[in-house]
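K.L.:
Sharing structure_15.cif here; it has mmCIF, C-alpha atoms (C1' of nucleotides).
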data_run
#
loop_
_atom_site.group_PDB
_atom_site.id
_atom_site.type_symbol
_atom_site.label_atom_id
_atom_site.label_comp_id
_atom_site.auth_asym_id
_atom_site.auth_seq_id
_atom_site.Cartn_x
_atom_site.Cartn_y
_atom_site.Cartn_z
ATOM 1 C CA MET C 42 -31.874 17.574 103.883
ATOM 2 C CA THR C 43 -31.406 17.149 100.101
ATOM 3 C CA ALA C 44 -29.484 13.923 99.669
ATOM 4 C CA ILE C 45 -26.167 14.042 97.827
ATOM 5 C CA LYS C 46 -24.500 11.190 96.042
ATOM 6 C CA GLU C 47 -21.149 10.456 97.632
ATOM 7 C CA SER C 48 -19.723 8.741 94.564
ATOM 8 C CA SER C 49 -20.352 11.316 91.815
ATOM 9 C CA THR C 50 -17.650 13.065 89.829
ATOM 10 C CA ILE C 51 -19.127 16.335 90.939
ATOM 11 C CA GLN C 52 -18.433 15.433 94.558
ATOM 12 C CA GLU C 53 -14.894 14.375 93.713
ATOM 13 C CA ASN C 54 -14.368 17.673 91.956
ATOM 14 C CA LYS C 55 -15.733 19.507 94.975
ATOM 15 C CA ARG C 56 -13.142 17.782 97.119
ATOM 16 C CA TYR C 57 -10.469 18.680 94.567
ATOM 17 C CA ALA C 58 -11.579 22.310 94.607
ATOM 18 C CA LEU C 59 -11.647 22.258 98.397
ATOM 19 C CA ASP C 60 -8.058 21.058 98.479
ATOM 20 C CA GLN C 61 -6.875 23.575 95.914
ATOM 21 C CA CYS C 62 -8.800 26.536 97.179
ATOM 22 C CA PRO C 63 -9.916 27.755 100.596
ATOM 23 C CA VAL C 64 -12.313 30.114 98.831
ATOM 24 C CA THR C 65 -14.362 27.135 97.725
ATOM 25 C CA TYR C 66 -14.469 26.050 101.358
ATOM 26 C CA ALA C 67 -15.852 29.431 102.377
ATOM 27 C CA MET C 68 -18.344 29.493 99.542
ATOM 28 C CA GLU C 69 -19.649 26.072 100.479
ATOM 29 C CA LYS C 70 -20.713 27.644 103.728
ATOM 30 C CA ILE C 71 -22.341 30.784 102.410
ATOM 31 C CA GLY C 72 -23.545 29.427 99.075
ATOM 32 C CA GLY C 73 -27.293 29.183 98.680
ATOM 33 C CA TYR C 74 -29.633 31.999 97.819
ATOM 34 C CA TRP C 75 -30.688 32.799 101.346
ATOM 35 C CA LYS C 76 -27.633 32.227 103.481
ATOM 36 C CA PRO C 77 -26.071 35.673 103.085
ATOM 37 C CA ILE C 78 -29.465 37.240 103.769
ATOM 38 C CA ILE C 79 -30.009 35.119 106.880
ATOM 39 C CA LEU C 80 -26.527 36.015 108.094
ATOM 40 C CA PHE C 81 -27.262 39.670 107.485
ATOM 41 C CA HIS C 82 -30.432 39.542 109.556
ATOM 42 C CA LEU C 83 -28.605 37.790 112.381
ATOM 43 C CA SER C 84 -25.735 40.276 112.268
ATOM 44 C CA SER C 85 -27.937 42.796 114.074
ATOM 45 C CA GLY C 86 -28.627 40.405 116.931
ATOM 46 C CA SER C 87 -30.252 37.068 117.681
ATOM 47 C CA LYS C 88 -33.631 36.353 116.159
ATOM 48 C CA ARG C 89 -36.427 33.844 116.637
ATOM 49 C CA TYR C 90 -37.225 31.465 113.808
ATOM 50 C CA SER C 91 -40.555 33.169 113.200
ATOM 51 C CA GLU C 92 -38.901 36.591 113.143
ATOM 52 C CA LEU C 93 -36.560 35.445 110.382
ATOM 53 C CA LYS C 94 -39.470 33.990 108.489
ATOM 54 C CA ARG C 95 -41.314 37.291 108.632
ATOM 55 C CA ALA C 96 -38.172 39.264 107.807
ATOM 56 C CA ILE C 97 -37.617 37.228 104.619
ATOM 57 C CA PRO C 98 -41.114 36.571 103.298
ATOM 58 C CA ALA C 99 -39.961 35.189 99.948
ATOM 59 C CA VAL C 100 -38.196 32.183 101.441
ATOM 60 C CA THR C 101 -40.097 28.960 102.008
ATOM 61 C CA GLU C 102 -39.992 27.290 105.399
ATOM 62 C CA LYS C 103 -38.180 24.334 103.935
ATOM 63 C CA MET C 104 -35.346 26.449 102.563
ATOM 64 C CA LEU C 105 -35.141 28.606 105.677
ATOM 65 C CA ILE C 106 -34.827 25.625 108.000
ATOM 66 C CA GLN C 107 -32.505 23.781 105.660
ATOM 67 C CA HIS C 108 -30.123 26.719 105.517
ATOM 68 C CA LEU C 109 -30.372 27.351 109.250
ATOM 69 C CA LYS C 110 -29.493 23.708 109.921
ATOM 70 C CA GLN C 111 -26.550 23.877 107.533
ATOM 71 C CA LEU C 112 -25.279 27.111 109.053
ATOM 72 C CA GLU C 113 -25.608 25.536 112.486
ATOM 73 C CA ALA C 114 -23.805 22.360 111.363
ATOM 74 C CA ASP C 115 -21.022 24.583 110.006
ATOM 75 C CA HIS C 116 -20.846 26.383 113.366
ATOM 76 C CA LEU C 117 -21.583 29.787 111.850
ATOM 77 C CA ILE C 118 -24.714 30.256 113.936
ATOM 78 C CA VAL C 119 -25.920 29.013 117.309
ATOM 79 C CA ARG C 120 -29.394 27.639 117.987
ATOM 80 C CA LYS C 121 -30.924 27.986 121.435
ATOM 81 C CA SER C 122 -34.277 26.467 122.296
ATOM 82 C CA LYS C 123 -36.367 26.737 125.438
ATOM 83 C CA PRO C 124 -38.263 23.515 126.150
ATOM 84 C CA VAL C 125 -41.681 25.171 126.325
ATOM 85 C CA VAL C 126 -44.903 24.995 124.380
ATOM 86 C CA PRO C 127 -45.226 26.800 122.055
ATOM 87 C CA PRO C 128 -41.509 26.361 121.215
ATOM 88 C CA PHE C 129 -39.138 29.288 121.641
ATOM 89 C CA VAL C 130 -36.048 29.027 119.431
ATOM 90 C CA THR C 131 -33.491 31.719 118.735
ATOM 91 C CA TYR C 132 -30.591 31.852 116.323
ATOM 92 C CA SER C 133 -27.496 34.024 116.619
ATOM 93 C CA LEU C 134 -24.075 34.377 115.037
ATOM 94 C CA SER C 135 -21.199 32.361 116.482
ATOM 95 C CA ALA C 136 -17.687 33.758 116.823
ATOM 96 C CA SER C 137 -16.764 32.039 113.579
ATOM 97 C CA GLY C 138 -19.862 33.479 111.917
ATOM 98 C CA ARG C 139 -18.923 36.983 113.020
ATOM 99 C CA GLY C 140 -15.470 36.395 111.543
ATOM 100 C CA LEU C 141 -16.978 35.424 108.226
ATOM 101 C CA MET C 142 -19.042 38.612 108.233
ATOM 102 C CA GLU C 143 -15.843 40.593 107.687
ATOM 103 C CA ALA C 144 -15.126 38.683 104.491
ATOM 104 C CA ILE C 145 -18.745 39.050 103.491
ATOM 105 C CA ASP C 146 -18.548 42.787 104.064
ATOM 106 C CA ALA C 147 -15.537 42.929 101.751
ATOM 107 C CA MET C 148 -17.591 41.269 99.058
ATOM 108 C CA ALA C 149 -20.445 43.676 99.616
ATOM 109 C CA LEU C 150 -18.098 46.654 99.315
ATOM 110 C CA TRP C 151 -16.723 45.318 96.044
ATOM 111 C CA ALA C 152 -20.241 44.721 94.740
ATOM 112 C CA ILE C 153 -21.340 48.241 95.578
ATOM 113 C CA SER C 154 -18.325 49.841 93.931
ATOM 114 C CA ASP C 155 -18.711 47.567 90.910
ATOM 115 C CA LEU C 156 -22.341 48.589 90.503
ATOM 116 C CA LYS C 157 -21.350 52.217 90.905
ATOM 117 C CA SER C 158 -18.641 52.053 88.261
ATOM 118 C CA LYS C 159 -21.095 50.459 85.866
ATOM 119 C CA GLY C 160 -23.459 53.338 86.527
ATOM 120 C CA HIS C 161 -20.705 55.847 85.741
ATOM 121 C CA LYS C 162 -19.926 54.149 82.469
ATOM 122 C CA ARG C 163 -23.552 54.394 81.495
ATOM 123 C CA GLN C 164 -23.569 58.080 82.457
ATOM 124 C CA THR C 165 -20.402 58.821 80.523
ATOM 125 C CA LYS C 166 -21.968 57.403 77.435
ATOM 126 C CA ARG C 167 -24.818 59.883 77.398
ATOM 127 C CA LYS C 168 -22.792 62.999 78.269
ATOM 128 C CA ALA C 169 -23.887 64.784 75.105
ATOM 129 C CA ALA C 170 -27.564 63.919 75.414
ATOM 130 C CA MET H 200 -24.386 28.231 77.715
ATOM 131 C CA THR H 201 -26.850 26.360 79.944
ATOM 132 C CA ALA H 202 -30.256 27.825 79.236
ATOM 133 C CA ILE H 203 -32.194 29.350 82.124
ATOM 134 C CA LYS H 204 -35.915 29.816 82.390
ATOM 135 C CA GLU H 205 -36.710 33.509 82.782
ATOM 136 C CA SER H 206 -40.108 32.954 84.404
ATOM 137 C CA SER H 207 -39.241 30.548 87.224
ATOM 138 C CA THR H 208 -39.701 31.288 90.914
ATOM 139 C CA ILE H 209 -36.047 30.545 91.395
ATOM 140 C CA GLN H 210 -35.131 33.388 89.023
ATOM 141 C CA GLU H 211 -37.535 35.764 90.786
ATOM 142 C CA ASN H 212 -35.951 34.861 94.086
ATOM 143 C CA LYS H 213 -32.524 35.467 92.641
ATOM 144 C CA ARG H 214 -33.592 38.940 91.632
ATOM 145 C CA TYR H 215 -35.046 39.506 95.106
ATOM 146 C CA ALA H 216 -31.791 38.329 96.700
ATOM 147 C CA LEU H 217 -29.835 40.550 94.330
ATOM 148 C CA ASP H 218 -31.864 43.571 95.406
ATOM 149 C CA GLN H 219 -31.591 42.789 99.106
ATOM 150 C CA CYS H 220 -27.994 41.777 99.163
ATOM 151 C CA PRO H 221 -24.853 42.887 97.323
ATOM 152 C CA VAL H 222 -23.164 39.719 98.551
ATOM 153 C CA THR H 223 -25.442 37.697 96.330
ATOM 154 C CA TYR H 224 -24.348 39.900 93.448
ATOM 155 C CA ALA H 225 -20.716 39.126 94.171
ATOM 156 C CA MET H 226 -21.387 35.428 94.590
ATOM 157 C CA GLU H 227 -23.183 35.269 91.274
ATOM 158 C CA LYS H 228 -19.885 36.253 89.729
ATOM 159 C CA ILE H 229 -17.604 33.874 91.555
ATOM 160 C CA GLY H 230 -20.077 31.014 92.094
ATOM 161 C CA GLY H 231 -19.307 27.822 90.220
ATOM 162 C CA TYR H 232 -16.769 25.220 91.216
ATOM 163 C CA TRP H 233 -13.965 26.445 89.026
ATOM 164 C CA LYS H 234 -14.246 30.223 89.010
ATOM 165 C CA PRO H 235 -12.216 30.919 92.151
ATOM 166 C CA ILE H 236 -9.554 28.506 90.908
ATOM 167 C CA ILE H 237 -9.430 30.152 87.487
ATOM 168 C CA LEU H 238 -9.171 33.558 89.110
ATOM 169 C CA PHE H 239 -6.383 32.288 91.321
ATOM 170 C CA HIS H 240 -4.396 31.046 88.341
ATOM 171 C CA LEU H 241 -4.870 34.350 86.551
ATOM 172 C CA SER H 242 -3.857 36.329 89.643
ATOM 173 C CA SER H 243 -0.233 35.451 88.951
ATOM 174 C CA GLY H 244 -0.391 36.839 85.426
ATOM 175 C CA SER H 245 -2.130 36.326 82.114
ATOM 176 C CA LYS H 246 -2.441 32.799 80.801
ATOM 177 C CA ARG H 247 -3.285 31.085 77.535
ATOM 178 C CA TYR H 248 -6.392 28.968 77.337
ATOM 179 C CA SER H 249 -4.333 25.814 76.999
ATOM 180 C CA GLU H 250 -2.176 26.780 79.970
ATOM 181 C CA LEU H 251 -5.257 27.072 82.142
ATOM 182 C CA LYS H 252 -6.496 23.742 80.873
ATOM 183 C CA ARG H 253 -3.241 22.067 81.816
ATOM 184 C CA ALA H 254 -3.108 23.887 85.151
ATOM 185 C CA ILE H 255 -6.563 22.578 86.110
ATOM 186 C CA PRO H 256 -6.692 19.077 84.657
ATOM 187 C CA ALA H 257 -9.901 18.077 86.456
ATOM 188 C CA VAL H 258 -12.050 20.653 84.675
ATOM 189 C CA THR H 259 -13.715 19.763 81.383
ATOM 190 C CA GLU H 260 -13.259 22.045 78.398
ATOM 191 C CA LYS H 261 -16.937 22.881 78.376
ATOM 192 C CA MET H 262 -16.908 24.104 81.971
ATOM 193 C CA LEU H 263 -13.621 25.939 81.559
ATOM 194 C CA ILE H 264 -14.826 27.859 78.523
ATOM 195 C CA GLN H 265 -18.234 28.478 80.008
ATOM 196 C CA HIS H 266 -16.739 30.002 83.128
ATOM 197 C CA LEU H 267 -14.194 31.997 81.152
ATOM 198 C CA LYS H 268 -16.995 33.418 79.013
ATOM 199 C CA GLN H 269 -19.044 34.310 82.072
ATOM 200 C CA LEU H 270 -16.083 35.928 83.799
ATOM 201 C CA GLU H 271 -15.418 37.881 80.636
ATOM 202 C CA ALA H 272 -19.074 38.935 80.327
ATOM 203 C CA ASP H 273 -18.914 40.113 83.951
ATOM 204 C CA HIS H 274 -15.774 42.124 83.133
ATOM 205 C CA LEU H 275 -13.659 40.308 85.705
ATOM 206 C CA ILE H 276 -11.217 39.054 83.110
ATOM 207 C CA VAL H 277 -10.046 40.243 79.714
ATOM 208 C CA ARG H 278 -9.678 38.033 76.668
ATOM 209 C CA LYS H 279 -7.111 38.887 74.020
ATOM 210 C CA SER H 280 -6.775 36.908 70.833
ATOM 211 C CA LYS H 281 -4.247 37.120 68.037
ATOM 212 C CA PRO H 282 -5.787 36.359 64.647
ATOM 213 C CA VAL H 283 -3.320 33.630 63.769
ATOM 214 C CA VAL H 284 -3.486 29.929 63.094
ATOM 215 C CA PRO H 285 -3.206 28.077 65.395
ATOM 216 C CA PRO H 286 -5.151 30.524 67.593
ATOM 217 C CA PHE H 287 -3.371 32.412 70.356
ATOM 218 C CA VAL H 288 -5.724 33.522 73.145
ATOM 219 C CA THR H 289 -4.766 34.884 76.532
ATOM 220 C CA TYR H 290 -6.844 35.701 79.568
ATOM 221 C CA SER H 291 -5.946 38.135 82.326
ATOM 222 C CA LEU H 292 -7.584 39.843 85.291
ATOM 223 C CA SER H 293 -9.307 43.181 84.707
ATOM 224 C CA ALA H 294 -9.140 46.033 87.222
ATOM 225 C CA SER H 295 -12.489 44.950 88.589
ATOM 226 C CA GLY H 296 -11.270 41.378 88.836
ATOM 227 C CA ARG H 297 -8.202 42.464 90.772
ATOM 228 C CA GLY H 298 -10.538 44.352 93.132
ATOM 229 C CA LEU H 299 -12.566 41.233 93.714
ATOM 230 C CA MET H 300 -9.412 39.323 94.542
ATOM 231 C CA GLU H 301 -9.114 41.349 97.746
ATOM 232 C CA ALA H 302 -12.524 40.168 98.882
ATOM 233 C CA ILE H 303 -11.648 36.657 97.812
ATOM 234 C CA ASP H 304 -8.446 36.825 99.820
ATOM 235 C CA ALA H 305 -10.488 37.795 102.886
ATOM 236 C CA MET H 306 -12.584 34.678 102.403
ATOM 237 C CA ALA H 307 -9.481 32.554 102.048
ATOM 238 C CA LEU H 308 -8.041 33.984 105.257
ATOM 239 C CA TRP H 309 -11.232 33.190 107.109
ATOM 240 C CA ALA H 310 -11.282 29.671 105.686
ATOM 241 C CA ILE H 311 -7.719 29.006 106.753
ATOM 242 C CA SER H 312 -8.292 30.251 110.284
ATOM 243 C CA ASP H 313 -11.548 28.318 110.492
ATOM 244 C CA LEU H 314 -9.812 25.114 109.472
ATOM 245 C CA LYS H 315 -7.038 25.804 111.956
ATOM 246 C CA SER H 316 -9.443 26.347 114.859
ATOM 247 C CA LYS H 317 -11.189 23.074 114.019
ATOM 248 C CA GLY H 318 -7.824 21.348 114.144
ATOM 249 C CA HIS H 319 -7.156 22.791 117.595
ATOM 250 C CA LYS H 320 -10.508 21.581 118.893
ATOM 251 C CA ARG H 321 -9.738 18.085 117.697
ATOM 252 C CA GLN H 322 -6.322 18.210 119.381
ATOM 253 C CA THR H 323 -7.745 19.465 122.673
ATOM 254 C CA LYS H 324 -10.118 16.533 122.771
ATOM 255 C CA ARG H 325 -7.365 13.949 122.912
ATOM 256 C CA LYS H 326 -5.133 15.642 125.484
ATOM 257 C CA ALA H 327 -5.231 12.607 127.816
ATOM 258 C CA ALA H 328 -4.638 9.993 125.141
ATOM 259 C "C1'" DC I 47 -64.276 21.941 119.285
ATOM 260 C "C1'" DT I 48 -62.294 24.552 115.556
ATOM 261 C "C1'" DT I 49 -58.771 27.969 114.736
ATOM 262 C "C1'" DT I 50 -54.129 30.061 115.515
ATOM 263 C "C1'" DG I 51 -49.322 29.966 116.346
ATOM 264 C "C1'" DT I 52 -44.715 27.754 117.107
ATOM 265 C "C1'" DA I 53 -40.965 25.192 114.928
ATOM 266 C "C1'" DC I 54 -40.314 22.086 112.233
ATOM 267 C "C1'" DT I 55 -40.640 17.417 108.669
ATOM 268 C "C1'" DT I 56 -41.667 14.723 104.565
ATOM 269 C "C1'" DA I 57 -42.657 13.492 99.808
ATOM 270 C "C1'" DC I 58 -42.560 15.010 95.251
ATOM 271 C "C1'" DT I 59 -41.563 18.234 91.090
ATOM 272 C "C1'" DT I 60 -39.104 21.655 88.622
ATOM 273 C "C1'" DT I 61 -34.983 24.267 87.457
ATOM 274 C "C1'" DT I 62 -30.139 24.769 87.178
ATOM 275 C "C1'" DA I 63 -25.339 23.168 87.175
ATOM 276 C "C1'" DT I 64 -22.040 20.062 85.979
ATOM 277 C "C1'" DA I 65 -20.088 15.931 83.507
ATOM 278 C "C1'" DC I 66 -19.302 13.114 79.336
ATOM 279 C "C1'" DA I 67 -18.378 12.649 74.727
ATOM 280 C "C1'" DA I 68 -17.785 13.958 70.336
ATOM 281 C "C1'" DG I 69 -17.177 17.317 66.476
ATOM 282 C "C1'" DT I 70 -15.207 21.802 64.030
ATOM 283 C "C1'" DA I 71 -11.511 24.546 61.197
ATOM 284 C "C1'" DC I 72 -7.185 25.323 60.348
ATOM 285 C "C1'" DT I 73 -2.043 24.365 60.060
ATOM 286 C "C1'" DT I 74 2.476 22.523 60.945
ATOM 287 C "C1'" DA I 75 5.128 18.298 61.710
ATOM 288 C "C1'" DC I 76 6.043 13.722 60.495
ATOM 289 C "C1'" DG R 66 -1.924 11.865 54.196
ATOM 290 C "C1'" DT R 67 -2.523 11.343 58.919
ATOM 291 C "C1'" DA R 68 -1.595 12.785 63.489
ATOM 292 C "C1'" DA R 69 -1.267 16.522 66.778
ATOM 293 C "C1'" DG R 70 -2.260 21.083 68.643
ATOM 294 C "C1'" DT R 71 -5.201 25.382 69.166
ATOM 295 C "C1'" DA R 72 -9.601 27.242 70.932
ATOM 296 C "C1'" DC R 73 -13.713 26.272 70.890
ATOM 297 C "C1'" DT R 74 -19.080 24.276 70.126
ATOM 298 C "C1'" DT R 75 -22.907 21.124 70.535
ATOM 299 C "C1'" DG R 76 -25.875 17.500 72.377
ATOM 300 C "C1'" DT R 77 -27.209 14.654 76.009
ATOM 301 C "C1'" DA R 78 -27.250 12.641 80.643
ATOM 302 C "C1'" DT R 79 -26.971 13.083 85.488
ATOM 303 C "C1'" DA R 80 -26.681 15.260 89.881
ATOM 304 C "C1'" DA R 81 -27.720 18.944 92.940
ATOM 305 C "C1'" DA R 82 -30.413 22.822 94.486
ATOM 306 C "C1'" DA R 83 -34.563 25.029 94.989
ATOM 307 C "C1'" DG R 84 -39.647 25.126 95.021
ATOM 308 C "C1'" DT R 85 -44.595 23.253 96.125
ATOM 309 C "C1'" DA R 86 -47.655 21.336 99.096
ATOM 310 C "C1'" DA R 87 -49.015 19.116 102.833
ATOM 311 C "C1'" DG R 88 -48.582 17.163 107.570
ATOM 312 C "C1'" DT R 89 -46.943 16.951 112.812
ATOM 313 C "C1'" DA R 90 -47.494 17.963 118.110
ATOM 314 C "C1'" DC R 91 -48.829 20.739 121.437
ATOM 315 C "C1'" DA R 92 -51.397 24.451 123.881
ATOM 316 C "C1'" DA R 93 -53.964 28.597 124.421
ATOM 317 C "C1'" DA R 94 -57.696 31.558 122.588
ATOM 318 C "C1'" DG R 95 -62.176 32.017 120.812
#
Just dump the structure as structure tokens.
P.N.:
Amino acid sequence: MTAIKESSTIQENKRYALDQCPVTYAMEKIGGYWKPIILFHLSSGSKRYSELKRAIPAVTEKMLIQHLKQLEADHLIVRKSKPVVPPFVTYSLSASGRGLMEAIDAMALWAISDLKSKGHKRQTKRKAA
Amino acid sequence: MTAIKESSTIQENKRYALDQCPVTYAMEKIGGYWKPIILFHLSSGSKRYSELKRAIPAVTEKMLIQHLKQLEADHLIVRKSKPVVPPFVTYSLSASGRGLMEAIDAMALWAISDLKSKGHKRQTKRKAA
DNA sequence: CTTTGTACTTACTTTTATACAAGTACTTAC
DNA sequence: GTAAGTACTTGTATAAAAGTAAGTACAAAG
């Protein structure tokens, strides 16, 4: 699952940042291109692995699984598998994951208003056109 | 400022994620080990470059400047310089940056409660010890 | 008896992010 | 005249993150 080197300065600095700043802690858990998107898809209910794969066609299986495993290890999502063939595995948000969604929503709201205000600025510029 | 390759799959995916997900947009702006910490230090008022450097001793000058420049380019902070020698440069949060701080605070709150609930679980485990 | 589908895993390459180290221009203090 | 302080810049190395491609086990469908 992408090996990391325990003894690098970058890891030390991560620990430093983690101590200084809970935001870094939160971003560790939702950092990665696909994690917010996965979380979004799960926010509307539990999904099978193959459903997620089809819902996000641009992601490779490796990345999808890797992020799902990380989210599970961080207790943001819950994996349930039925011991049948073919396998039947579903993923859903945990209580902690639902809690994070509120913070994520706040970020989304900021992003939308930021994009909007940029748009206005562009419009203001060409008022005489 | 760390060259990126316009034509890579990873850049295409970033664009895809940006379209799908405003959260990715927000995380682009606060991603990077030091950005949340810089923002935190500026949240208590404007600071000189050298003050920031002293406040965050673990960061290298290259990273500090790079992040400051990116934050400035994203209009989250404002740079003001007096044309004197030695130079006198201060950084402060912009209106947009202050708006983001609310979302960042929500993440911090989640992180703190997440850490707390982990602590409780660990305590519950050793109730008979 | 080959193909399809499920949910993964593994090995390898490319791209991006960060760290390390040194240099710049200018001036005041010593 | 050299050392220190300001706010940077540049080059290179290393680590981490993401992508590419292929393989696994099992069963049902054709």
K.L.:
List the residues sitting within 10 Å of (-18.0, 28.2, 83.0) in the file's frame, using all atoms listed in the file, as JSON, numbers by chain.
P.N.:
{"H": [200, 201, 230, 231, 232, 233, 234, 237, 258, 259, 260, 261, 262, 263, 264, 265, 266, 267, 268, 269, 270], "I": [63, 64]}
K.L.:
How would chain H read as a CSV table (one decimal) with C-alpha atoms, keeping the file's coordinate frame after a least-squares superposition onto chain C over every Cα atom, matched in order?
P.N.:
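Output contents, as saved in result-v4.csv:
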chain,number,residue,atom,x,y,z
H,200,MET,CA,-31.9,17.5,103.7
H,201,THR,CA,-31.5,17.1,99.9
H,202,ALA,CA,-29.6,13.9,99.4
H,203,ILE,CA,-26.3,14.0,97.6
H,204,LYS,CA,-24.6,11.2,95.8
H,205,GLU,CA,-21.2,10.4,97.4
H,206,SER,CA,-19.7,8.8,94.3
H,207,SER,CA,-20.4,11.4,91.6
H,208,THR,CA,-17.7,13.2,89.6
H,209,ILE,CA,-19.2,16.5,90.8
H,210,GLN,CA,-18.5,15.5,94.4
H,211,GLU,CA,-14.9,14.5,93.5
H,212,ASN,CA,-14.4,17.8,91.9
H,213,LYS,CA,-15.8,19.6,94.9
H,214,ARG,CA,-13.2,17.8,97.0
H,215,TYR,CA,-10.5,18.7,94.6
H,216,ALA,CA,-11.6,22.4,94.6
H,217,LEU,CA,-11.7,22.3,98.4
H,218,ASP,CA,-8.1,21.0,98.5
H,219,GLN,CA,-6.9,23.6,96.0
H,220,CYS,CA,-8.8,26.5,97.3
H,221,PRO,CA,-9.9,27.8,100.7
H,222,VAL,CA,-12.3,30.2,98.9
H,223,THR,CA,-14.3,27.2,97.8
H,224,TYR,CA,-14.4,26.1,101.4
H,225,ALA,CA,-15.8,29.5,102.4
H,226,MET,CA,-18.3,29.5,99.6
H,227,GLU,CA,-19.6,26.1,100.5
H,228,LYS,CA,-20.7,27.7,103.8
H,229,ILE,CA,-22.3,30.8,102.5
H,230,GLY,CA,-23.5,29.4,99.1
H,231,GLY,CA,-27.3,29.2,98.7
H,232,TYR,CA,-29.6,32.0,97.8
H,233,TRP,CA,-30.7,32.8,101.4
H,234,LYS,CA,-27.6,32.2,103.5
H,235,PRO,CA,-26.1,35.7,103.1
H,236,ILE,CA,-29.5,37.2,103.8
H,237,ILE,CA,-30.0,35.1,106.9
H,238,LEU,CA,-26.5,36.0,108.2
H,239,PHE,CA,-27.3,39.7,107.5
H,240,HIS,CA,-30.4,39.5,109.6
H,241,LEU,CA,-28.6,37.8,112.4
H,242,SER,CA,-25.7,40.3,112.3
H,243,SER,CA,-27.9,42.8,114.1
H,244,GLY,CA,-28.7,40.4,117.0
H,245,SER,CA,-30.3,37.0,117.7
H,246,LYS,CA,-33.6,36.3,116.2
H,247,ARG,CA,-36.4,33.8,116.6
H,248,TYR,CA,-37.2,31.4,113.8
H,249,SER,CA,-40.5,33.1,113.2
H,250,GLU,CA,-38.9,36.6,113.2
H,251,LEU,CA,-36.6,35.4,110.4
H,252,LYS,CA,-39.5,34.0,108.5
H,253,ARG,CA,-41.3,37.3,108.6
H,254,ALA,CA,-38.2,39.2,107.8
H,255,ILE,CA,-37.6,37.2,104.7
H,256,PRO,CA,-41.1,36.5,103.3
H,257,ALA,CA,-39.9,35.2,100.0
H,258,VAL,CA,-38.1,32.2,101.4
H,259,THR,CA,-40.1,29.0,102.0
H,260,GLU,CA,-40.0,27.3,105.4
H,261,LYS,CA,-38.2,24.3,104.0
H,262,MET,CA,-35.3,26.4,102.6
H,263,LEU,CA,-35.1,28.6,105.7
H,264,ILE,CA,-34.8,25.6,108.0
H,265,GLN,CA,-32.5,23.8,105.7
H,266,HIS,CA,-30.1,26.7,105.6
H,267,LEU,CA,-30.4,27.3,109.3
H,268,LYS,CA,-29.5,23.7,109.9
H,269,GLN,CA,-26.5,23.9,107.6
H,270,LEU,CA,-25.3,27.1,109.1
H,271,GLU,CA,-25.6,25.5,112.5
H,272,ALA,CA,-23.8,22.4,111.4
H,273,ASP,CA,-21.0,24.6,110.1
H,274,HIS,CA,-20.8,26.4,113.4
H,275,LEU,CA,-21.6,29.8,111.9
H,276,ILE,CA,-24.7,30.2,114.0
H,277,VAL,CA,-25.9,29.0,117.3
H,278,ARG,CA,-29.4,27.6,118.0
H,279,LYS,CA,-30.9,28.0,121.5
H,280,SER,CA,-34.3,26.5,122.3
H,281,LYS,CA,-36.4,26.7,125.4
H,282,PRO,CA,-38.3,23.5,126.2
H,283,VAL,CA,-41.7,25.2,126.3
H,284,VAL,CA,-44.9,25.0,124.4
H,285,PRO,CA,-45.2,26.8,122.1
H,286,PRO,CA,-41.5,26.4,121.2
H,287,PHE,CA,-39.1,29.3,121.7
H,288,VAL,CA,-36.1,29.0,119.4
H,289,THR,CA,-33.5,31.7,118.8
H,290,TYR,CA,-30.6,31.8,116.4
H,291,SER,CA,-27.5,34.0,116.7
H,292,LEU,CA,-24.1,34.4,115.1
H,293,SER,CA,-21.2,32.4,116.5
H,294,ALA,CA,-17.7,33.8,116.9
H,295,SER,CA,-16.8,32.0,113.6
H,296,GLY,CA,-19.8,33.5,112.0
H,297,ARG,CA,-18.9,37.0,113.1
H,298,GLY,CA,-15.5,36.4,111.6
H,299,LEU,CA,-17.0,35.4,108.3
H,300,MET,CA,-19.0,38.6,108.3
H,301,GLU,CA,-15.9,40.6,107.8
H,302,ALA,CA,-15.1,38.7,104.6
H,303,ILE,CA,-18.7,39.1,103.6
H,304,ASP,CA,-18.5,42.8,104.2
H,305,ALA,CA,-15.5,43.0,101.9
H,306,MET,CA,-17.6,41.3,99.1
H,307,ALA,CA,-20.4,43.7,99.7
H,308,LEU,CA,-18.1,46.7,99.4
H,309,TRP,CA,-16.7,45.4,96.2
H,310,ALA,CA,-20.2,44.8,94.8
H,311,ILE,CA,-21.3,48.3,95.7
H,312,SER,CA,-18.3,49.9,94.0
H,313,ASP,CA,-18.7,47.6,91.0
H,314,LEU,CA,-22.3,48.6,90.6
H,315,LYS,CA,-21.3,52.3,91.0
H,316,SER,CA,-18.6,52.1,88.3
H,317,LYS,CA,-21.1,50.5,85.9
H,318,GLY,CA,-23.4,53.4,86.6
H,319,HIS,CA,-20.7,55.9,85.8
H,320,LYS,CA,-19.9,54.1,82.5
H,321,ARG,CA,-23.5,54.3,81.5
H,322,GLN,CA,-23.6,58.0,82.4
H,323,THR,CA,-20.4,58.8,80.4
H,324,LYS,CA,-22.0,57.3,77.3
H,325,ARG,CA,-24.8,59.7,77.1
H,326,LYS,CA,-22.8,62.9,77.8
H,327,ALA,CA,-24.0,64.5,74.5
H,328,ALA,CA,-27.6,63.6,74.8
K.L.:
In terms of the shortest atom-to-atom distance over all atoms listed in the file, which of H:Thr223, H:Thr208, H:Ser280, H:Thr289 is closest to Arg247 in chain H?
P.N.:
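When distances to Arg247 in chain H are compared using all atoms listed in the file, the smallest one comes from H:Thr289.
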K.L.:
Return as AutoDock Vina command-line options the centre and edge lengths, in Å with one decimal, of the box along x, y and z that encloses every atom of range 59-64 of chain I in the file, padded by 3 Å per side.
P.N.:
--center_x -31.8 --center_y 21.5 --center_z 88.5 --size_x 25.5 --size_y 12.5 --size_z 11.1
